[in-house]
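Report on one structure; see the data block that follows.
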Amino acid sequence: MTVQLRIYMKNALNATVPIELPSVYVIEFSPEIRNEGPAMKVSVKDNKESTFSCDVLILPLLENQGIRAYRDIDKALDGLPGKTISSKEFSGRHGEISLLHTQGRINPERVLLAGLGKKEDITPEKLRQAGGKAASYIHSLGIRHAGLSTRTIEPLHISPVVFLEGCLLSEYRFEKYRKEADQKGLKDITVLSGKDIGKQIKWVETAARAAYLARDLVNTPSNDMTPSGLVRAARSLKKVSVKVIERKQAEALGMGAYISVAKGSLEPPKFIVITYKGKNIAPVALIGKAITFDSGGISLKPSEGMEKMKYDMAGGAAVLGVLKAAAEMNLPVHLIAVLPATENLPGGRASKPGDVVRSIDGKTIEIISTDAEGRLALADAIGYVKKFKPSAIIDIATLTGACSIAFGNDAIAMMGNDDSLMAKMKKASEETAERVWQMPLFDEYKDYIKSDIADLKNSGGRTGSLITSAYFLKEFAGDVPWIHLDIAGTAWTDKDKPYIPKGATGIGVRLLLNFLKSL
């Protein structure tokens with residue numbers, strides 16, 4: 001819960017309005033922001049599987065290959081794994097699981113057969129999913145100490161760390177608001193390998209911690225995850241500097257588009273600027289949409305499903321996760337991150353359809369729909385970061401319902417003005433399976449957002465709305481290399497996935513980290 005000291009006064013119309021205090025006068029009490037990531041300890045040992053002491057030994061197996069890769073273990077267990085396969089209780093199908101007790105015949109107390117699928121069909125993503133399935137099953141049993149054999153994975157020419165990554169990402173649980181939290185879960189996992197994979201493990205551990213942070217921020221309800229809550233999250237990061245532009249300063253800077261979104265809410269807007277300088281080079285600007293609750297404003301959304309609109313700051317959460325990981329790994333990059341944070345609510349002072357506002361770069365915008373608020377906040381954020389002369393601008397946002405209609409929950413819509421930059425993003429998406437699909441930005445789409453009375457309008461209607469929302473942002477990016485990522489369909493899942501539990505997905509963290517690595 002968040003408790004804030006507020007002072008109210010009567011205005012000339014005898015209405016009670018809040019006085020916005022400087023942040024130094026605001027007293028806040030809120031739940032601790034989780035920032036440590038998975039508690040699971042990971043280590044590497046060049047150990048023989050049968051002599052390694054653990055609660056469970058994970059044996060990844062290929063489909064229709066029998067137990068040939070583990071004949072020594074099969075022999076030590078009196079042929080039990082082989083019998084389990086020959087009886088067709090386990091075939092090695094992708095995601096298949098079978099648990100066997102060793103009865104003291106070898107040091108591990110149990111053996112978990114984990115199906116990888118057919119050799120010719122295996123991809124890094126399928127390996128990651130298999131790891132997630134195995135770890136989720138182990139978690140459900142309350143098993144604490146695991147060993148992972150890499151004997152069948154290493155010949156596939158895919159790093160076994162990918163399987164481990166699935167294990168780490170699947171361990172996430174959001175328990176902050178439960179009276180009795182889930183105490184299950186792996187305490188440690190040891191990768192049994194003679195390969196030098198320490199750096200790879202460090203990368204996936206750090207990326208998983210960053211994804212955990214993003215998931216936590218998005219899952220936190222909006223009465224606690226306010227714009228001020230995002231400020232606290234930003235200030236919890238290490239090796240970064242944080243600047244907060246308050247409402248009056250934002251108004252003085254000419255951020256009329258961003259401020260128009262905040263007018264209906266009593267929560268003070270916070271335009272958060274975070275700098276990480278791992279190298280003295282031209283910065284990459286990361287902008288995350290940070291609407292901590294989106295009711296649609298005067299253009300009110302339907303009530304069904306509105307509780308999920310706490311997820312409208314998922315882009316900002318992803319950016320915070322990236323900053324956390326970049327600092328922990330000392331990435332040699334220079335990042336300027338911006339979170340234009342506010343709520344979008346109806347109220348007596350809220351913006352109305354038909355209003356015209358002026359953005360930071362002087363363009364006027366006619367507001368057709370107050371539910372097209374994200375692009376208003378992002379427009380001023382893009383205009384603001386251009387003063388830093390960035391080498392690239394990447395914005396990530398839960399921007400349009402049309403994205404979900406077009407792609408369901410399985411792809412990020414990508415648009416931009418620089419093909420080489422988008423090629424790097426596409427490669428990063430293939431490596432992480434946080435998949436992007438490029439959509440066109442033909443010049444004809446500009447006609448959709450022409451206003452009769454202003455330079456632009458913030459909505460061109462339902463037709464082509466996925467693309468026209470991005471074209472609106474393109475008008476503010478200008479000639480700076482720029483990519484827009486619409487994560488509206490992928491930032492939340494209503495069902496458990498192999499390594500993503502139900503709720504916030506943390507999408508974009510691993511994608512952007514791999515993208516930055518490519519730079």
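Identifiers in this document derive from the order of the structure tokens: chains are assigned A, B, ..., residues are numbered from 1 separately in each chain, and ligands are numbered from 1 in order of occurrence.
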For the interface of segment 404-505 of chain A with segment 158-176 of chain A (cut-off 12 Å, counting only C-alpha atoms), please tabulate each contacting residue of segment 404-505 of chain A alongside its nearest pair of atoms and their separation in Å to one decimal, rows sorted by chain and increasing number, as a tab-separated table.
```
residue	atom	partner	partner_atom	distance
A:Glu431	CA	A:Val162	CA	10.1
A:Thr432	CA	A:Val162	CA	9.5
A:Ala433	CA	A:Val162	CA	11.3
A:Asp496	CA	A:Ser170	CA	9.5
A:Lys497	CA	A:Ser170	CA	8.5
A:Pro498	CA	A:Ser170	CA	6.9
A:Tyr499	CA	A:Ser170	CA	3.9
A:Ile500	CA	A:Ser170	CA	5.6
A:Pro501	CA	A:Ser170	CA	6.6
A:Lys502	CA	A:Arg173	CA	9.2
A:Gly503	CA	A:Phe174	CA	8.9
A:Ala504	CA	A:Phe174	CA	9.5
A:Thr505	CA	A:Leu169	CA	9.7
```
Practice task
Pull the strand (DSSP E or B) assignments for segment 35-278 of chain A out of DSSP run on the backbone, and list those residues as a PyMOL selection string.
Solution key: chain A and resi 41-45+56-62+97-101+110-117+145-149+188-192+241-245+270-277
Keeping only C-alpha atoms, write the selected residues to a file as an mmCIF file, in the first residue's frame.
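Result written to part_4.cif:
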```cif
data_model
loop_
_atom_site.group_PDB
_atom_site.id
_atom_site.type_symbol
_atom_site.label_atom_id
_atom_site.label_comp_id
_atom_site.auth_asym_id
_atom_site.auth_seq_id
_atom_site.Cartn_x
_atom_site.Cartn_y
_atom_site.Cartn_z
ATOM 1 C CA LYS A 41 22.263 -20.393 -7.239
ATOM 2 C CA VAL A 42 23.960 -21.658 -10.395
ATOM 3 C CA SER A 43 27.349 -23.357 -10.544
ATOM 4 C CA VAL A 44 29.374 -25.456 -12.995
ATOM 5 C CA LYS A 45 31.216 -28.659 -12.133
ATOM 6 C CA VAL A 56 17.349 -34.656 -8.693
ATOM 7 C CA LEU A 57 19.539 -35.188 -11.740
ATOM 8 C CA ILE A 58 18.044 -33.810 -14.977
ATOM 9 C CA LEU A 59 18.795 -36.023 -17.971
ATOM 10 C CA PRO A 60 17.741 -34.350 -21.250
ATOM 11 C CA LEU A 61 16.866 -37.025 -23.839
ATOM 12 C CA LEU A 62 16.179 -36.990 -27.570
ATOM 13 C CA ILE A 97 8.774 -35.444 -18.157
ATOM 14 C CA SER A 98 9.302 -38.629 -16.141
ATOM 15 C CA LEU A 99 10.643 -38.830 -12.583
ATOM 16 C CA LEU A 100 12.431 -41.943 -11.287
ATOM 17 C CA HIS A 101 13.711 -42.649 -7.773
ATOM 18 C CA ARG A 110 16.052 -38.966 -8.284
ATOM 19 C CA VAL A 111 16.496 -38.868 -12.035
ATOM 20 C CA LEU A 112 14.278 -36.633 -14.167
ATOM 21 C CA LEU A 113 14.005 -37.653 -17.807
ATOM 22 C CA ALA A 114 13.357 -34.473 -19.820
ATOM 23 C CA GLY A 115 12.252 -34.778 -23.447
ATOM 24 C CA LEU A 116 13.921 -32.528 -26.024
ATOM 25 C CA GLY A 117 12.078 -33.780 -29.101
ATOM 26 C CA HIS A 145 18.920 -29.144 -5.277
ATOM 27 C CA ALA A 146 19.353 -30.173 -8.922
ATOM 28 C CA GLY A 147 22.080 -31.257 -11.275
ATOM 29 C CA LEU A 148 21.862 -30.834 -15.046
ATOM 30 C CA SER A 149 23.601 -33.256 -17.373
ATOM 31 C CA ASP A 188 20.500 -24.334 -6.592
ATOM 32 C CA ILE A 189 21.272 -26.035 -9.881
ATOM 33 C CA THR A 190 24.678 -27.341 -10.934
ATOM 34 C CA VAL A 191 25.539 -27.676 -14.618
ATOM 35 C CA LEU A 192 27.679 -30.784 -15.098
ATOM 36 C CA SER A 241 22.043 8.481 -12.499
ATOM 37 C CA VAL A 242 18.354 9.346 -12.226
ATOM 38 C CA LYS A 243 16.720 12.688 -12.962
ATOM 39 C CA VAL A 244 12.987 13.301 -12.449
ATOM 40 C CA ILE A 245 11.273 16.089 -14.360
ATOM 41 C CA LYS A 270 7.070 11.813 -13.317
ATOM 42 C CA PHE A 271 9.182 12.155 -16.454
ATOM 43 C CA ILE A 272 12.061 9.857 -15.470
ATOM 44 C CA VAL A 273 15.465 10.167 -17.157
ATOM 45 C CA ILE A 274 18.111 7.512 -16.391
ATOM 46 C CA THR A 275 21.695 7.594 -17.621
ATOM 47 C CA TYR A 276 24.121 4.681 -17.749
ATOM 48 C CA LYS A 277 27.570 5.484 -19.120
#
```
Practice task
Would you mind telling me which residue in A:Gly316, A:Pro283, A:Asn219, A:Gly383 lies nearest to Ala234 of chain A when using only C-alpha atoms?
Solution key: A:Gly316
Exercise for the section: Rank nothing, just name the residue among A:Leu513, A:Val480, A:Ala69, A:Met414 nearest to Leu331 of chain A, using only C-alpha atoms. Expected result: A:Leu513
Problem - For Phe476 of chain A, the nearest of the candidates A:Ala372, A:Ile281, A:Leu519, A:Ala257, counting only C-alpha atoms - result: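 Comparing A:Ala372, A:Ile281, A:Leu519, A:Ala257 against Phe476 of chain A, the winner is A:Ala257.
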Practice task
Fewer than 2 positions away in the same chain doesn't count, so skip those; otherwise give me all residues within 9 Å of Tyr70 of chain A, counting only C-alpha atoms, as a PyMOL selection string.
Solution key: chain A and resi 59+67-68+72-75+151-152
What does the file look like for those residues with N, CA and C atoms, as an mmCIF file, in the first residue's frame?
```cif
data_model
loop_
_atom_site.group_PDB
_atom_site.id
_atom_site.type_symbol
_atom_site.label_atom_id
_atom_site.label_comp_id
_atom_site.auth_asym_id
_atom_site.auth_seq_id
_atom_site.Cartn_x
_atom_site.Cartn_y
_atom_site.Cartn_z
ATOM 1 N N LEU A 59 18.181 -35.376 -16.811
ATOM 2 C CA LEU A 59 18.795 -36.023 -17.971
ATOM 3 C C LEU A 59 17.999 -35.655 -19.220
ATOM 4 N N ILE A 67 17.828 -44.766 -24.370
ATOM 5 C CA ILE A 67 18.666 -44.353 -23.249
ATOM 6 C C ILE A 67 20.153 -44.483 -23.585
ATOM 7 N N ARG A 68 20.451 -44.618 -24.899
ATOM 8 C CA ARG A 68 21.823 -44.915 -25.315
ATOM 9 C C ARG A 68 22.840 -43.897 -24.802
ATOM 10 N N ASP A 72 25.445 -45.972 -18.896
ATOM 11 C CA ASP A 72 26.074 -46.215 -17.586
ATOM 12 C C ASP A 72 25.075 -46.006 -16.451
ATOM 13 N N ILE A 73 24.261 -44.949 -16.559
ATOM 14 C CA ILE A 73 23.266 -44.673 -15.518
ATOM 15 C C ILE A 73 22.152 -45.712 -15.585
ATOM 16 N N ASP A 74 21.767 -46.104 -16.778
ATOM 17 C CA ASP A 74 20.737 -47.117 -16.944
ATOM 18 C C ASP A 74 21.176 -48.434 -16.295
ATOM 19 N N LYS A 75 22.432 -48.781 -16.508
ATOM 20 C CA LYS A 75 22.969 -50.010 -15.924
ATOM 21 C C LYS A 75 22.985 -49.931 -14.409
ATOM 22 N N ARG A 151 25.265 -33.976 -21.397
ATOM 23 C CA ARG A 151 25.822 -34.993 -22.283
ATOM 24 C C ARG A 151 25.106 -35.063 -23.632
ATOM 25 N N THR A 152 23.782 -34.899 -23.638
ATOM 26 C CA THR A 152 23.040 -34.987 -24.906
ATOM 27 C C THR A 152 22.889 -33.637 -25.598
#
```
Practice task
Write out as a ChimeraX atom specification all residues of segment 259-453 of chain A that backbone DSSP assigns to alpha helix (DSSP H).
Solution key: /A:259-262,314-328,374-385,401-407,419-432
Problem - d(atom CA of Ala262 of chain A, atom CA of Pro346 of chain A) in Å - result: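 Atom CA of Ala262 of chain A sits 9.7 Å away from atom CA of Pro346 of chain A.
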Handout entry: Pick from A:Glu366, A:Glu475, A:Glu267, A:Glu373, whichever lies nearest to Gly296 of chain A using only C-alpha atoms
Key =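 The answer is A:Glu373, which sits nearest to Gly296 of chain A.
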Practice task
Could you please determine the separation between atom CA of Asp371 of chain A and atom CA of Ile291 of chain A in Å, to one decimal place?
Solution key: 11.3 Å
Could you list, as an mmCIF file with N, CA and C atoms, in the first residue's frame, every residue within 8 Å of segment 440-445 of chain A, counting only C-alpha atoms and ignoring same-chain residues fewer than 6 positions away?
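result_12.cif was written with the following content:
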```cif
data_model
loop_
_atom_site.group_PDB
_atom_site.id
_atom_site.type_symbol
_atom_site.label_atom_id
_atom_site.label_comp_id
_atom_site.auth_asym_id
_atom_site.auth_seq_id
_atom_site.Cartn_x
_atom_site.Cartn_y
_atom_site.Cartn_z
ATOM 1 N N MET A 415 8.504 -1.499 -36.243
ATOM 2 C CA MET A 415 8.528 -0.538 -37.342
ATOM 3 C C MET A 415 9.661 0.437 -37.080
ATOM 4 N N GLY A 416 10.171 1.048 -38.128
ATOM 5 C CA GLY A 416 11.271 1.979 -37.929
ATOM 6 C C GLY A 416 11.676 2.651 -39.219
ATOM 7 N N ILE A 467 -0.217 0.491 -37.603
ATOM 8 C CA ILE A 467 0.838 1.187 -38.348
ATOM 9 C C ILE A 467 0.747 2.693 -38.171
ATOM 10 N N THR A 468 -0.464 3.246 -38.178
ATOM 11 C CA THR A 468 -0.585 4.702 -38.079
ATOM 12 C C THR A 468 -0.097 5.222 -36.719
ATOM 13 N N ALA A 470 2.482 4.042 -35.167
ATOM 14 C CA ALA A 470 3.931 4.130 -35.327
ATOM 15 C C ALA A 470 4.312 5.277 -36.249
ATOM 16 N N TYR A 471 3.493 5.521 -37.281
ATOM 17 C CA TYR A 471 3.811 6.631 -38.184
ATOM 18 C C TYR A 471 3.730 7.963 -37.437
#
```
Exercise for the section: Rank nothing, just name the residue among A:Ser451, A:Thr220, A:Thr490, A:Ser369 nearest to Ala406 of chain A, using only C-alpha atoms. Expected result: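 Of the candidates, the smallest distance to Ala406 of chain A is held by A:Thr490.
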